[in-house]
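run_24.txt follows; it contains compact mmCIF, C-alpha atoms.
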```
# COMPACT_ATOMS: atom_id res chain seq x y z
CA MET A 1 -33.47 19.67 -14.47
CA MET A 2 -31.83 19.14 -11.15
CA ASN A 3 -34.39 19.92 -8.48
CA TRP A 4 -34.15 19.06 -4.82
CA GLU A 5 -35.72 15.60 -5.06
CA ILE A 6 -33.00 14.48 -7.45
CA ARG A 7 -30.35 16.06 -5.23
CA VAL A 8 -31.58 14.15 -2.17
CA LEU A 9 -31.80 10.97 -4.24
CA MET A 10 -28.24 11.40 -5.52
CA THR A 11 -26.97 11.96 -1.97
CA VAL A 12 -28.67 8.80 -0.69
CA LEU A 13 -27.48 6.82 -3.72
CA PHE A 14 -23.92 7.96 -3.07
CA VAL A 15 -23.96 6.92 0.57
CA VAL A 16 -25.46 3.52 -0.26
CA LEU A 17 -23.79 2.64 -3.56
CA ALA A 18 -20.34 4.26 -3.35
CA PRO A 19 -18.77 1.45 -1.24
CA PHE A 20 -19.96 -1.18 -3.74
CA LEU A 21 -18.82 0.86 -6.74
CA GLY A 22 -15.53 1.77 -5.09
CA GLY A 23 -14.81 -1.84 -4.14
CA LEU A 24 -15.76 -3.04 -7.60
CA LEU A 25 -13.47 -0.47 -9.26
CA ASP A 26 -10.68 -1.60 -6.95
CA GLY A 27 -11.34 -5.22 -7.92
CA ILE A 28 -11.36 -4.42 -11.63
CA ASP A 29 -8.14 -2.48 -11.13
CA ARG A 30 -6.50 -5.52 -9.54
CA VAL A 31 -7.65 -7.83 -12.34
CA ILE A 32 -6.41 -5.46 -15.05
CA THR A 33 -3.12 -5.04 -13.20
CA ALA A 34 -2.72 -8.83 -13.04
CA ARG A 35 -3.48 -9.17 -16.76
CA MET A 36 -0.95 -6.43 -17.59
CA GLN A 37 1.66 -8.43 -15.67
CA GLY A 38 0.67 -11.69 -17.39
CA ARG A 39 -0.95 -13.16 -14.27
CA LYS A 40 -4.41 -14.57 -13.63
CA GLY A 41 -4.96 -12.41 -10.58
CA PRO A 42 -7.74 -12.46 -7.97
CA GLY A 43 -11.46 -12.27 -8.64
CA ILE A 44 -13.26 -8.96 -9.14
CA LEU A 45 -14.88 -9.26 -5.69
CA GLN A 46 -11.53 -9.65 -3.92
CA PRO A 47 -11.61 -6.17 -2.24
CA PHE A 48 -14.90 -7.11 -0.54
CA TYR A 49 -13.43 -10.37 0.78
CA ASP A 50 -10.49 -8.34 2.09
CA LEU A 51 -12.83 -5.86 3.78
CA PHE A 52 -14.87 -8.57 5.52
CA LYS A 53 -11.72 -10.39 6.54
CA LEU A 54 -10.37 -7.20 8.14
CA MET A 55 -13.65 -6.67 9.98
CA ASN A 56 -13.34 -10.16 11.46
CA LYS A 57 -9.78 -9.76 12.66
CA GLN A 58 -8.72 -8.82 16.16
CA LEU A 59 -8.61 -5.05 16.66
CA LEU A 60 -5.04 -4.34 17.69
CA ALA A 61 -4.98 -0.59 18.21
CA VAL A 62 -2.07 1.20 19.80
CA ASN A 63 -4.38 3.83 21.29
CA ARG A 64 -8.01 4.86 21.31
CA ILE A 65 -7.50 8.19 19.55
CA GLN A 66 -6.48 6.42 16.34
CA ILE A 67 -9.91 4.80 16.01
CA LEU A 68 -11.62 8.15 16.59
CA MET A 69 -9.45 9.85 13.96
CA LEU A 70 -10.13 7.12 11.41
CA LEU A 71 -13.84 7.31 12.09
CA SER A 72 -13.63 11.09 11.55
CA TYR A 73 -11.80 10.45 8.26
CA LEU A 74 -14.60 8.13 7.13
CA VAL A 75 -17.31 10.58 8.21
CA PHE A 76 -15.67 13.57 6.50
CA VAL A 77 -15.10 11.65 3.28
CA ILE A 78 -18.75 10.60 3.23
CA LEU A 79 -19.73 14.21 3.99
CA THR A 80 -17.56 15.39 1.07
CA GLY A 81 -19.33 13.04 -1.30
CA MET A 82 -22.75 13.96 0.08
CA LEU A 83 -22.03 17.65 -0.46
CA PHE A 84 -20.85 16.93 -4.00
CA PHE A 85 -23.64 14.61 -5.11
CA GLY A 86 -26.15 16.80 -3.26
CA GLY A 87 -25.08 19.58 -5.64
CA PHE A 88 -23.61 21.97 -3.08
CA ASP A 89 -20.58 24.23 -3.36
CA LEU A 90 -17.55 22.62 -5.00
CA LEU A 91 -15.13 24.65 -2.84
CA LEU A 92 -16.85 23.28 0.25
CA CYS A 93 -16.36 19.73 -1.06
CA PHE A 94 -12.64 20.28 -1.63
CA PHE A 95 -12.10 21.85 1.79
CA SER A 96 -14.03 19.02 3.41
CA LEU A 97 -11.80 16.56 1.56
CA SER A 98 -8.68 18.34 2.85
CA THR A 99 -10.07 18.09 6.39
CA ALA A 100 -10.61 14.36 5.88
CA ALA A 101 -7.01 14.01 4.67
CA MET A 102 -5.82 15.79 7.82
CA PHE A 103 -7.55 13.15 9.96
CA VAL A 104 -5.53 10.40 8.27
CA ILE A 105 -2.35 12.25 9.20
CA LEU A 106 -3.56 12.73 12.78
CA ALA A 107 -4.48 9.05 13.04
CA SER A 108 -1.05 8.16 11.73
CA THR A 109 0.99 10.50 13.95
CA SER A 110 -0.92 9.46 17.08
CA THR A 111 0.77 6.05 16.98
CA HIS A 112 4.39 7.30 17.27
CA SER A 113 5.62 4.49 15.05
CA PRO A 114 8.72 5.45 13.03
CA TYR A 115 7.18 4.16 9.79
CA ASN A 116 4.03 6.16 10.47
CA SER A 117 6.08 9.27 11.21
CA ILE A 118 7.88 9.10 7.87
CA GLY A 119 4.58 8.25 6.20
CA SER A 120 2.85 11.27 7.75
CA GLU A 121 5.66 13.57 6.65
CA ARG A 122 5.36 12.26 3.12
CA GLU A 123 1.56 12.53 3.25
CA LEU A 124 2.00 16.24 4.10
CA MET A 125 4.37 16.58 1.13
CA GLN A 126 1.70 14.98 -1.04
CA MET A 127 -0.91 17.41 0.22
CA MET A 128 1.42 20.28 -0.59
CA ALA A 129 1.82 18.82 -4.08
CA TYR A 130 -1.85 18.24 -4.92
CA GLU A 131 -3.67 21.04 -3.08
CA PRO A 132 -2.87 23.79 -5.64
CA ALA A 133 -4.24 21.65 -8.46
CA VAL A 134 -7.37 20.80 -6.46
CA LEU A 135 -8.06 24.45 -5.67
CA LEU A 136 -7.35 25.47 -9.27
CA THR A 137 -9.87 22.84 -10.41
CA ALA A 138 -12.56 24.67 -8.46
CA VAL A 139 -11.36 27.94 -9.99
CA GLY A 140 -11.51 26.34 -13.43
CA PHE A 141 -15.11 25.31 -12.90
CA TYR A 142 -15.97 28.85 -11.82
CA LEU A 143 -14.26 30.50 -14.78
CA SER A 144 -15.84 28.16 -17.33
CA THR A 145 -19.36 27.96 -15.90
CA GLY A 146 -19.64 31.07 -13.71
CA THR A 147 -20.56 29.20 -10.55
CA PHE A 148 -19.12 27.02 -7.77
CA LYS A 149 -22.42 25.23 -7.18
CA VAL A 150 -22.33 21.66 -8.47
CA TYR A 151 -26.00 21.56 -9.46
CA GLU A 152 -25.63 24.82 -11.41
CA ILE A 153 -22.55 23.40 -13.16
CA PHE A 154 -24.78 20.47 -14.14
CA ASN A 155 -27.32 22.88 -15.58
CA THR A 156 -24.97 24.83 -17.85
CA SER A 157 -25.39 24.37 -21.58
CA VAL A 158 -21.70 23.79 -22.33
CA PRO A 159 -19.62 21.30 -20.30
CA ALA A 160 -16.68 22.70 -18.34
CA ILE A 161 -14.13 20.67 -20.33
CA VAL A 162 -14.66 22.92 -23.38
CA LYS A 163 -13.29 25.98 -21.63
CA ALA A 164 -11.13 24.30 -18.98
CA PRO A 165 -9.15 21.44 -20.55
CA GLY A 166 -5.97 22.64 -18.85
CA PHE A 167 -7.55 22.40 -15.41
CA PHE A 168 -8.72 18.90 -16.32
CA ILE A 169 -5.16 17.80 -17.17
CA GLY A 170 -3.90 19.27 -13.90
CA PHE A 171 -6.59 17.43 -11.96
CA ILE A 172 -5.92 14.10 -13.70
CA PHE A 173 -2.22 14.47 -12.94
CA ILE A 174 -2.78 14.76 -9.19
CA LEU A 175 -5.28 11.90 -9.19
CA THR A 176 -2.37 9.41 -9.10
CA ILE A 177 -1.44 10.93 -5.73
CA LYS A 178 -4.99 10.75 -4.41
CA PHE A 179 -5.44 7.15 -5.59
CA ARG A 180 -2.09 6.23 -4.00
CA LYS A 181 -0.71 4.82 -7.20
CA SER A 182 2.77 4.76 -8.66
CA PRO A 183 4.75 6.93 -9.32
CA PHE A 184 3.44 9.04 -6.42
CA ASP A 185 2.53 6.43 -3.78
CA ILE A 186 5.22 7.55 -1.37
CA SER A 187 3.24 7.86 1.88
CA THR A 188 1.40 4.56 1.56
CA SER A 189 0.33 2.51 -1.37
CA HIS A 190 -2.48 0.20 -2.32
CA HIS A 191 -2.55 -3.59 -2.89
CA ALA A 192 0.67 -5.49 -2.41
CA HIS A 193 3.10 -2.62 -2.86
CA GLN A 194 5.31 -1.84 0.10
CA GLU A 195 6.94 1.44 0.99
CA ILE A 196 8.31 2.22 4.46
CA VAL A 197 6.42 -0.95 5.47
CA LYS A 198 2.97 0.52 4.81
CA GLY A 199 3.46 4.22 5.57
CA VAL A 200 0.54 5.97 7.24
CA THR A 201 -1.46 2.75 7.44
CA THR A 202 1.25 0.68 9.16
CA GLU A 203 -0.38 0.66 12.59
CA MET A 204 -3.93 0.06 11.41
CA ALA A 205 -5.13 -3.49 12.03
CA GLY A 206 -8.48 -5.20 11.64
CA LEU A 207 -11.49 -2.89 11.83
CA ASP A 208 -9.26 0.20 11.73
CA TYR A 209 -7.86 -0.75 8.36
CA ALA A 210 -11.30 -1.79 7.13
CA MET A 211 -12.62 1.71 7.94
CA TYR A 212 -9.67 3.25 6.15
CA ASN A 213 -10.32 1.11 3.04
CA LEU A 214 -14.02 1.96 3.07
CA ALA A 215 -13.22 5.67 3.33
CA GLU A 216 -10.84 5.36 0.39
CA TRP A 217 -13.57 3.80 -1.75
CA TYR A 218 -15.90 6.70 -0.92
CA GLU A 219 -13.10 9.14 -1.71
CA ASN A 220 -12.36 7.47 -5.06
CA ILE A 221 -16.00 7.66 -6.11
CA PHE A 222 -16.09 11.35 -5.19
CA LEU A 223 -12.94 12.00 -7.24
CA TYR A 224 -14.35 10.12 -10.24
CA GLY A 225 -17.47 12.24 -9.76
CA VAL A 226 -15.34 15.39 -10.19
CA VAL A 227 -13.84 13.87 -13.37
CA GLY A 228 -17.39 13.28 -14.64
CA LEU A 229 -18.44 16.82 -13.70
CA PHE A 230 -15.98 18.19 -16.27
CA PHE A 231 -18.09 16.55 -19.00
CA ALA A 232 -21.58 16.95 -17.52
CA CYS A 233 -24.04 19.62 -18.71
CA SER A 234 -27.80 20.05 -19.16
CA ASN A 235 -27.80 17.78 -22.24
CA PRO A 236 -28.63 14.20 -21.04
CA TRP A 237 -26.14 12.73 -23.56
CA SER A 238 -23.33 14.48 -21.70
CA MET A 239 -23.75 11.86 -18.96
CA LEU A 240 -22.56 9.25 -21.45
CA TRP A 241 -19.46 11.33 -22.18
CA ALA A 242 -18.89 11.72 -18.44
CA PHE A 243 -19.12 7.94 -18.02
CA ILE A 244 -16.70 7.30 -20.89
CA ALA A 245 -14.29 9.87 -19.43
CA ILE A 246 -14.41 8.18 -16.01
CA VAL A 247 -13.73 4.75 -17.56
CA CYS A 248 -10.82 6.16 -19.59
CA VAL A 249 -9.34 7.91 -16.55
CA ALA A 250 -9.68 4.74 -14.44
CA PHE A 251 -7.84 2.73 -17.09
CA LEU A 252 -5.18 5.44 -17.44
CA MET A 253 -4.57 5.34 -13.68
CA THR A 254 -4.04 1.56 -13.77
CA LEU A 255 -1.75 1.90 -16.78
CA ILE A 256 0.37 4.63 -15.18
CA ASP A 257 0.53 2.57 -11.99
CA ASN A 258 1.94 -0.40 -13.89
CA VAL A 259 4.43 1.35 -16.16
CA SER A 260 6.05 3.71 -13.69
CA ALA A 261 8.31 3.34 -10.68
CA ARG A 262 7.98 5.24 -7.43
CA VAL A 263 9.73 8.66 -7.46
CA ARG A 264 11.26 10.72 -4.67
CA TRP A 265 9.12 13.42 -3.09
CA GLU A 266 11.24 16.26 -4.57
CA LEU A 267 10.48 15.08 -8.10
CA MET A 268 6.81 14.56 -7.23
CA LEU A 269 6.54 18.14 -5.97
CA LYS A 270 8.37 19.59 -8.98
CA LEU A 271 6.37 17.55 -11.49
CA THR A 272 2.94 18.21 -9.99
CA TRP A 273 3.52 21.93 -9.51
CA ALA A 274 5.05 22.28 -12.98
CA ILE A 275 2.14 20.45 -14.67
CA THR A 276 -0.40 22.35 -12.56
CA LEU A 277 1.15 25.73 -13.34
CA LEU A 278 1.65 24.95 -17.01
CA SER A 279 -1.70 23.43 -17.88
CA ALA A 280 -4.06 25.02 -15.38
CA GLY A 281 -2.11 28.31 -15.21
CA VAL A 282 -2.02 28.81 -18.97
CA ASN A 283 -5.68 27.84 -19.18
CA LEU A 284 -6.45 30.39 -16.46
CA LEU A 285 -4.60 33.19 -18.28
CA ILE A 286 -6.31 32.40 -21.58
CA LEU A 287 -9.74 32.45 -19.93
CA GLU A 288 -8.91 35.76 -18.22
CA PHE A 289 -7.79 37.41 -21.47
CA VAL A 290 -10.52 36.00 -23.69
CA ARG A 291 -13.32 37.16 -21.44
CA MET B 1 -19.85 -12.82 5.92
CA LYS B 2 -18.49 -16.08 7.30
CA ASN B 3 -15.72 -16.83 4.88
CA ILE B 4 -12.48 -15.06 5.61
CA HIS B 5 -10.36 -17.70 3.87
CA LYS B 6 -10.64 -15.85 0.57
CA SER B 7 -8.37 -13.08 1.77
CA PRO B 8 -5.25 -14.48 3.47
CA TRP B 9 -2.53 -11.85 3.60
CA LEU B 10 0.92 -13.24 3.87
CA LEU B 11 3.98 -12.01 5.71
CA HIS B 12 7.29 -13.53 4.72
CA TYR B 13 10.30 -13.59 7.02
CA ASP B 14 13.64 -15.18 6.18
CA GLY B 15 15.54 -16.49 9.19
CA SER B 16 18.87 -18.29 9.21
CA SER B 17 18.90 -19.93 5.80
CA CYS B 18 20.83 -20.16 2.55
CA ASN B 19 18.11 -18.00 0.89
CA GLY B 20 17.09 -20.89 -1.36
CA CYS B 21 13.59 -21.18 0.13
CA ASP B 22 13.44 -17.38 0.23
CA ILE B 23 13.84 -17.25 -3.54
CA GLU B 24 11.27 -20.03 -4.03
CA VAL B 25 8.72 -18.10 -1.91
CA LEU B 26 9.23 -15.01 -4.05
CA ALA B 27 8.87 -17.22 -7.13
CA CYS B 28 5.34 -18.00 -5.93
CA THR B 29 4.35 -14.36 -6.47
CA THR B 30 5.60 -14.32 -10.07
CA PRO B 31 3.26 -14.80 -13.07
CA VAL B 32 4.16 -18.51 -13.31
CA TYR B 33 2.70 -19.45 -9.91
CA ASP B 34 0.73 -16.26 -9.09
CA ILE B 35 -0.46 -16.80 -5.53
CA GLU B 36 -2.53 -13.60 -5.77
CA ARG B 37 -5.22 -15.68 -7.50
CA PHE B 38 -6.06 -17.06 -4.03
CA GLY B 39 -6.49 -13.49 -2.81
CA ILE B 40 -3.07 -13.60 -1.18
CA VAL B 41 -1.30 -10.30 -0.77
CA ASN B 42 2.40 -10.42 0.07
CA THR B 43 2.36 -7.73 2.74
CA GLY B 44 5.35 -6.42 4.64
CA ASN B 45 3.33 -5.38 7.65
CA PRO B 46 2.65 -7.80 10.56
CA MET B 47 -0.41 -5.73 11.58
CA HIS B 48 -2.06 -6.59 8.24
CA ALA B 49 -0.86 -10.19 8.00
CA ASP B 50 -2.85 -13.39 8.53
CA ILE B 51 -0.29 -15.99 7.57
CA PHE B 52 3.28 -15.84 8.88
CA LEU B 53 5.54 -17.67 6.48
CA ILE B 54 9.05 -18.32 7.75
CA THR B 55 11.97 -19.74 5.84
CA GLY B 56 15.20 -20.65 7.62
CA GLY B 57 15.97 -21.59 11.20
CA ILE B 58 16.05 -19.57 14.39
CA ASN B 59 19.33 -18.17 15.68
CA SER B 60 20.05 -16.16 18.80
CA GLN B 61 19.74 -12.88 16.90
CA ASN B 62 16.48 -13.35 15.03
CA GLU B 63 14.66 -15.11 17.88
CA GLU B 64 13.39 -11.84 19.35
CA VAL B 65 12.49 -10.53 15.90
CA VAL B 66 10.34 -13.56 15.14
CA LYS B 67 8.63 -13.31 18.54
CA GLN B 68 8.01 -9.61 17.99
CA ILE B 69 6.51 -10.10 14.53
CA TYR B 70 4.32 -12.95 15.81
CA SER B 71 3.01 -10.86 18.69
CA GLN B 72 2.17 -7.96 16.37
CA MET B 73 -0.11 -10.07 14.19
CA PRO B 74 -3.80 -9.84 15.10
CA ASP B 75 -5.75 -13.09 15.67
CA PRO B 76 -6.63 -15.37 13.94
CA LYS B 77 -3.18 -16.14 12.56
CA VAL B 78 -1.38 -19.10 11.04
CA VAL B 79 2.34 -19.87 11.05
CA ILE B 80 3.90 -21.85 8.22
CA ALA B 81 7.49 -23.10 8.38
CA VAL B 82 8.85 -23.47 4.86
CA GLY B 83 11.91 -25.62 4.14
CA THR B 84 13.93 -28.09 6.16
CA CYS B 85 15.77 -25.36 8.09
CA ALA B 86 12.52 -23.78 9.28
CA CYS B 87 11.10 -27.20 10.20
CA THR B 88 14.06 -28.63 12.13
CA GLY B 89 17.12 -26.41 11.73
CA GLY B 90 18.33 -28.39 8.72
CA ILE B 91 22.03 -28.54 7.97
CA PHE B 92 22.63 -25.62 10.33
CA LYS B 93 21.16 -27.52 13.28
CA GLU B 94 24.50 -28.35 14.91
CA CYS B 95 25.82 -24.76 14.65
CA TYR B 96 26.60 -23.02 17.95
CA ASN B 97 24.27 -20.10 17.25
CA ILE B 98 21.25 -22.04 15.96
CA LYS B 99 18.34 -22.85 18.25
CA GLY B 100 16.66 -25.12 15.72
CA GLY B 101 13.39 -24.93 13.80
CA VAL B 102 10.81 -22.18 14.10
CA ASP B 103 8.78 -24.24 16.60
CA THR B 104 11.50 -23.65 19.20
CA THR B 105 10.33 -20.03 19.41
CA ILE B 106 6.70 -19.70 18.29
CA PRO B 107 3.94 -22.29 17.70
CA VAL B 108 4.01 -23.59 14.10
CA ASP B 109 0.83 -24.82 12.40
CA ILE B 110 2.04 -26.13 9.06
CA TYR B 111 5.40 -27.64 8.12
CA VAL B 112 6.52 -27.58 4.48
CA PRO B 113 9.63 -29.76 4.05
CA GLY B 114 12.12 -29.57 1.18
CA CYS B 115 15.58 -28.22 0.48
CA ALA B 116 14.75 -25.94 -1.11
CA ALA B 117 10.97 -26.29 -0.85
CA ARG B 118 9.47 -26.26 -4.36
CA PRO B 119 6.99 -23.47 -5.17
CA GLU B 120 4.35 -26.18 -5.70
CA SER B 121 4.81 -27.53 -2.19
CA ILE B 122 4.89 -23.99 -0.75
CA ILE B 123 1.56 -23.23 -2.42
CA ASP B 124 0.26 -26.57 -1.13
CA GLY B 125 1.28 -25.61 2.40
CA VAL B 126 -0.22 -22.14 2.08
CA VAL B 127 -3.54 -23.57 0.84
CA LYS B 128 -3.58 -25.88 3.89
CA GLY B 129 -2.79 -22.81 6.00
CA ILE B 130 -5.75 -20.96 4.47
CA ALA B 131 -8.11 -23.77 5.51
CA LEU B 132 -6.68 -23.64 9.02
CA PHE B 133 -7.05 -19.85 9.03
CA GLN B 134 -10.78 -20.23 8.35
CA LYS B 135 -11.07 -22.94 11.05
CA LYS B 136 -9.31 -20.76 13.63
CA HIS B 137 -11.66 -17.91 12.81
CA GLU B 138 -14.69 -20.16 13.36
CA ASP B 139 -13.24 -21.46 16.63
CA MET B 140 -12.70 -17.88 17.79
CA LYS B 141 -16.31 -17.06 17.00
CA LYS B 142 -17.50 -20.07 19.00
CA VAL B 143 -15.51 -18.98 22.02
CA GLY B 144 -16.74 -15.45 21.40
CA LYS B 145 -13.45 -13.70 21.81
CA VAL B 146 -13.55 -12.00 18.44
CA SER B 147 -11.66 -8.72 18.19
CA ASN B 148 -11.89 -5.63 20.38
CA THR B 149 -8.86 -6.22 22.52
CA MET B 150 -6.62 -3.29 23.12
CA ASN B 151 -3.00 -3.30 24.11
```
Would you kindly transcribe this structure into C-alpha cells?
Amino acid sequence: MMNWEIRVLMTVLFVVLAPFLGGLLDGIDRVITARMQGRKGPGILQPFYDLFKLMNKQLLAVNRIQILMLLSYLVFVILTGMLFFGGFDLLLCFFSLSTAAMFVILASTSTHSPYNSIGSERELMQMMAYEPAVLLTAVGFYLSTGTFKVYEIFNTSVPAIVKAPGFFIGFIFILTIKFRKSPFDISTSHHAHQEIVKGVTTEMAGLDYAMYNLAEWYENIFLYGVVGLFFACSNPWSMLWAFIAIVCVAFLMTLIDNVSARVRWELMLKLTWAITLLSAGVNLLILEFVR
Amino acid sequence: MKNIHKSPWLLHYDGSSCNGCDIEVLACTTPVYDIERFGIVNTGNPMHADIFLITGGINSQNEEVVKQIYSQMPDPKVVIAVGTCACTGGIFKECYNIKGGVDTTIPVDIYVPGCAARPESIIDGVVKGIALFQKKHEDMKKVGKVSNTMN
C-alpha cells in the first residue's frame, strides 16, 4: 500500500503543509482556551499574524550563535518530520527530535541571561522526564508490530494501540511537556503564560522567535503524527480512527492546560516516570510474557 | 504580509503609583474586557513586546528600569502612559523623589488620562497605539531600516 511515491509525497506534504496545520491547531487551541475561560478570544488565524509580526520586527540578537542554533533546531525538527512521514525508522525520528531539543538548549545557554539559564536547566529536567517515555513508545511499536519502520507499521493488519495501550498512555502523558502546556510548562510556556519571564525563549526577538515558533508547529505536527500512528494500519478506515484520536488528544491537551496549575520539577519528574513505568512498563511485561 | 497591527504584544510596567491603574490594566485581560480579542498578548518579556504600557510616574529608582526595558524592545515599538501619574506625575508630582510623568525619561506616544484610568479608556488608548504601531512599521519600511541590527 505504501510504496515510495506515496512516501515522497507524504514527505513533501509534511514540509509544505505542517506550518499551516500547526498554526491552525495553535489558533484553534487559543479559541477553545478563550471559550473555556468565558472570553471571546482572538481569531483562529491569530498565530499566523503573530508569526508575520515577529518576522517584521527588528532582530535584536545577543550573539550570532543563537541564530545558528535556532536555525539548526528548525532544520532538525523538519528532518524529524520528514523521516517520520517518509516512513523511515521510528527510533531515528526520536533521536533526531532529541537532537533538535538539544539545539534549543544550546541557543538558550549561549545568551548567558539568568532567565535563560534557569530555563535551560528546567528544559534539561523536562528532557530527563520525557525521554524514557519517548524511547518506550518506540519499543512499544516494535513489540506490537515487530518493526521500527514507520511504513511497515502502517502496513500491519492490526493497529499498534490494540497491543500497546499502555505505551500510548505514557506517550500522551509526556505530550503536555512537549507541547509546553500546564502543568508541565516549567522551562517556557506558550501564549500569554509567563514563567521565569519566558524561560528558554526570553532572549529571542523578532525573526529568532518566529523561527522558534515555526519549528514548534512542525514538532507538534510530528507528535500528532505519532499519536495517529498508534491507530493506523493497512485498513483505510483506520485513518479515520487516527484522525479522531488526534482530535481527541488535541482537545485533551487544551483541557488539561486550562484545568491545571504549573507544578514544580520534582513532581513533574516523579509523575512522568511513575506513569511511564506503570503504564508502559506493565504493558511491556505483559507483551513479553504473552508472546 | 503588510499588516502587523493584528498582533500587538503588550508589556505592562507599574511605576510609582497607587496601583489603581495597575488593577484596571489587569482588568482589561479578564473575560469582561478581554483584550486578547485584538490579538494582544500580555507578555512579561520586553524582547517580545510591541507596546510598552506604563502606569504610574517615574521616580529616581525606576528611571533606569524603564530606560532598560525600553531599550530592550525591538523596533517598531509604541509607548502608552496610562493614568494621570504616568502622564504628568499626578498627585505625587511634588514629591522629592518623583521626576514626573513617563515622558521625562522615554518618549511617550499615547497618553491615557484618568485617576484611575477606566478599562474602556485604556482599551481606547491601546487601540490608538495599535494604529500607531502599524504606521511606525510602514515608516520603517519606507526608510528601509527594517530589522537585522545586532547589538
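Restricting the calculation to all atoms listed in the file, the smallest distance between Asp139 of chain B and any of B:Val127, B:Gly100, B:Asp75, B:Gly57 is found for B:Asp75.
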I'd like the box whose edges run along x, y and z of the file and which contains every listed atom of segment 227-235 of chain A, padded by 3 Å per side; could you state its centre and edge lengths in Å, one decimal, as AutoDock Vina command-line options?
```
--center_x -20.8 --center_y 16.7 --center_z -17.8 --size_x 20.0 --size_y 12.8 --size_z 14.9
```
Can you check which parts of chain B lie within 12 Å of chain A? Per residue, the shortest pair of atoms and distance in Å to one decimal, counting all atoms listed in the file, sorted by chain and number, as CSV.
```
residue,atom,partner,partner_atom,distance
B:Met1,CA,A:Phe52,CA,6.6
B:Lys2,CA,A:Phe52,CA,8.5
B:Asn3,CA,A:Lys53,CA,7.8
B:Ile4,CA,A:Lys53,CA,4.8
B:His5,CA,A:Lys53,CA,7.9
B:Lys6,CA,A:Tyr49,CA,6.2
B:Ser7,CA,A:Asp50,CA,5.2
B:Pro8,CA,A:Asp50,CA,8.2
B:Trp9,CA,A:Asp50,CA,8.8
B:Leu10,CA,A:Ala192,CA,10.0
B:Leu11,CA,A:Ala192,CA,10.9
B:Cys28,CA,A:Arg39,CA,11.5
B:Thr29,CA,A:Arg39,CA,9.5
B:Thr30,CA,A:Arg39,CA,7.9
B:Pro31,CA,A:Arg39,CA,4.7
B:Val32,CA,A:Arg39,CA,7.5
B:Tyr33,CA,A:Arg39,CA,8.5
B:Asp34,CA,A:Arg39,CA,6.3
B:Ile35,CA,A:Gly41,CA,8.1
B:Glu36,CA,A:Gly41,CA,5.5
B:Arg37,CA,A:Pro42,CA,4.1
B:Phe38,CA,A:Pro42,CA,6.3
B:Gly39,CA,A:Pro42,CA,5.4
B:Ile40,CA,A:Pro42,CA,8.3
B:Val41,CA,A:Ala192,CA,5.5
B:Asn42,CA,A:Ala192,CA,5.8
B:Thr43,CA,A:Ala192,CA,5.9
B:Gly44,CA,A:Val197,CA,5.6
B:Asn45,CA,A:Val197,CA,5.8
B:Pro46,CA,A:Thr202,CA,8.7
B:Met47,CA,A:Ala205,CA,5.2
B:His48,CA,A:Ala205,CA,5.8
B:Ala49,CA,A:Ala205,CA,8.9
B:Asp50,CA,A:Lys57,CA,8.8
B:Ser71,CA,A:Leu60,CA,10.4
B:Gln72,CA,A:Leu60,CA,8.2
B:Met73,CA,A:Leu60,CA,8.3
B:Pro74,CA,A:Gln58,CA,5.1
B:Asp75,CA,A:Gln58,CA,5.2
B:Pro76,CA,A:Lys57,CA,6.6
B:Lys77,CA,A:Lys57,CA,9.2
B:Phe133,CA,A:Lys53,CA,10.8
B:Gln134,CA,A:Lys53,CA,10.0
B:Lys136,CA,A:Lys57,CA,11.1
B:His137,CA,A:Asn56,CA,8.0
B:Glu138,CA,A:Asn56,CA,10.3
B:Met140,CA,A:Asn56,CA,10.0
B:Lys141,CA,A:Asn56,CA,9.3
B:Gly144,CA,A:Gln58,CA,11.7
B:Lys145,CA,A:Gln58,CA,8.8
B:Val146,CA,A:Gln58,CA,6.2
B:Ser147,CA,A:Gln58,CA,3.6
B:Asn148,CA,A:Leu59,CA,5.0
B:Thr149,CA,A:Leu59,CA,6.0
B:Met150,CA,A:Leu60,CA,5.8
B:Asn151,CA,A:Val62,CA,6.3
```
Export, as a compact mmCIF listing (two decimals), in the coordinates of the input, the selected residues with C-alpha atoms.
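Written output follows (again.txt):
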```
# COMPACT_ATOMS: atom_id res chain seq x y z
CA MET B 1 -19.85 -12.82 5.92
CA LYS B 2 -18.49 -16.08 7.30
CA ASN B 3 -15.72 -16.83 4.88
CA ILE B 4 -12.48 -15.06 5.61
CA HIS B 5 -10.36 -17.70 3.87
CA LYS B 6 -10.64 -15.85 0.57
CA SER B 7 -8.37 -13.08 1.77
CA PRO B 8 -5.25 -14.48 3.47
CA TRP B 9 -2.53 -11.85 3.60
CA LEU B 10 0.92 -13.24 3.87
CA LEU B 11 3.98 -12.01 5.71
CA CYS B 28 5.34 -18.00 -5.93
CA THR B 29 4.35 -14.36 -6.47
CA THR B 30 5.60 -14.32 -10.07
CA PRO B 31 3.26 -14.80 -13.07
CA VAL B 32 4.16 -18.51 -13.31
CA TYR B 33 2.70 -19.45 -9.91
CA ASP B 34 0.73 -16.26 -9.09
CA ILE B 35 -0.46 -16.80 -5.53
CA GLU B 36 -2.53 -13.60 -5.77
CA ARG B 37 -5.22 -15.68 -7.50
CA PHE B 38 -6.06 -17.06 -4.03
CA GLY B 39 -6.49 -13.49 -2.81
CA ILE B 40 -3.07 -13.60 -1.18
CA VAL B 41 -1.30 -10.30 -0.77
CA ASN B 42 2.40 -10.42 0.07
CA THR B 43 2.36 -7.73 2.74
CA GLY B 44 5.35 -6.42 4.64
CA ASN B 45 3.33 -5.38 7.65
CA PRO B 46 2.65 -7.80 10.56
CA MET B 47 -0.41 -5.73 11.58
CA HIS B 48 -2.06 -6.59 8.24
CA ALA B 49 -0.86 -10.19 8.00
CA ASP B 50 -2.85 -13.39 8.53
CA SER B 71 3.01 -10.86 18.69
CA GLN B 72 2.17 -7.96 16.37
CA MET B 73 -0.11 -10.07 14.19
CA PRO B 74 -3.80 -9.84 15.10
CA ASP B 75 -5.75 -13.09 15.67
CA PRO B 76 -6.63 -15.37 13.94
CA LYS B 77 -3.18 -16.14 12.56
CA PHE B 133 -7.05 -19.85 9.03
CA GLN B 134 -10.78 -20.23 8.35
CA LYS B 136 -9.31 -20.76 13.63
CA HIS B 137 -11.66 -17.91 12.81
CA GLU B 138 -14.69 -20.16 13.36
CA MET B 140 -12.70 -17.88 17.79
CA LYS B 141 -16.31 -17.06 17.00
CA GLY B 144 -16.74 -15.45 21.40
CA LYS B 145 -13.45 -13.70 21.81
CA VAL B 146 -13.55 -12.00 18.44
CA SER B 147 -11.66 -8.72 18.19
CA ASN B 148 -11.89 -5.63 20.38
CA THR B 149 -8.86 -6.22 22.52
CA MET B 150 -6.62 -3.29 23.12
CA ASN B 151 -3.00 -3.30 24.11
```
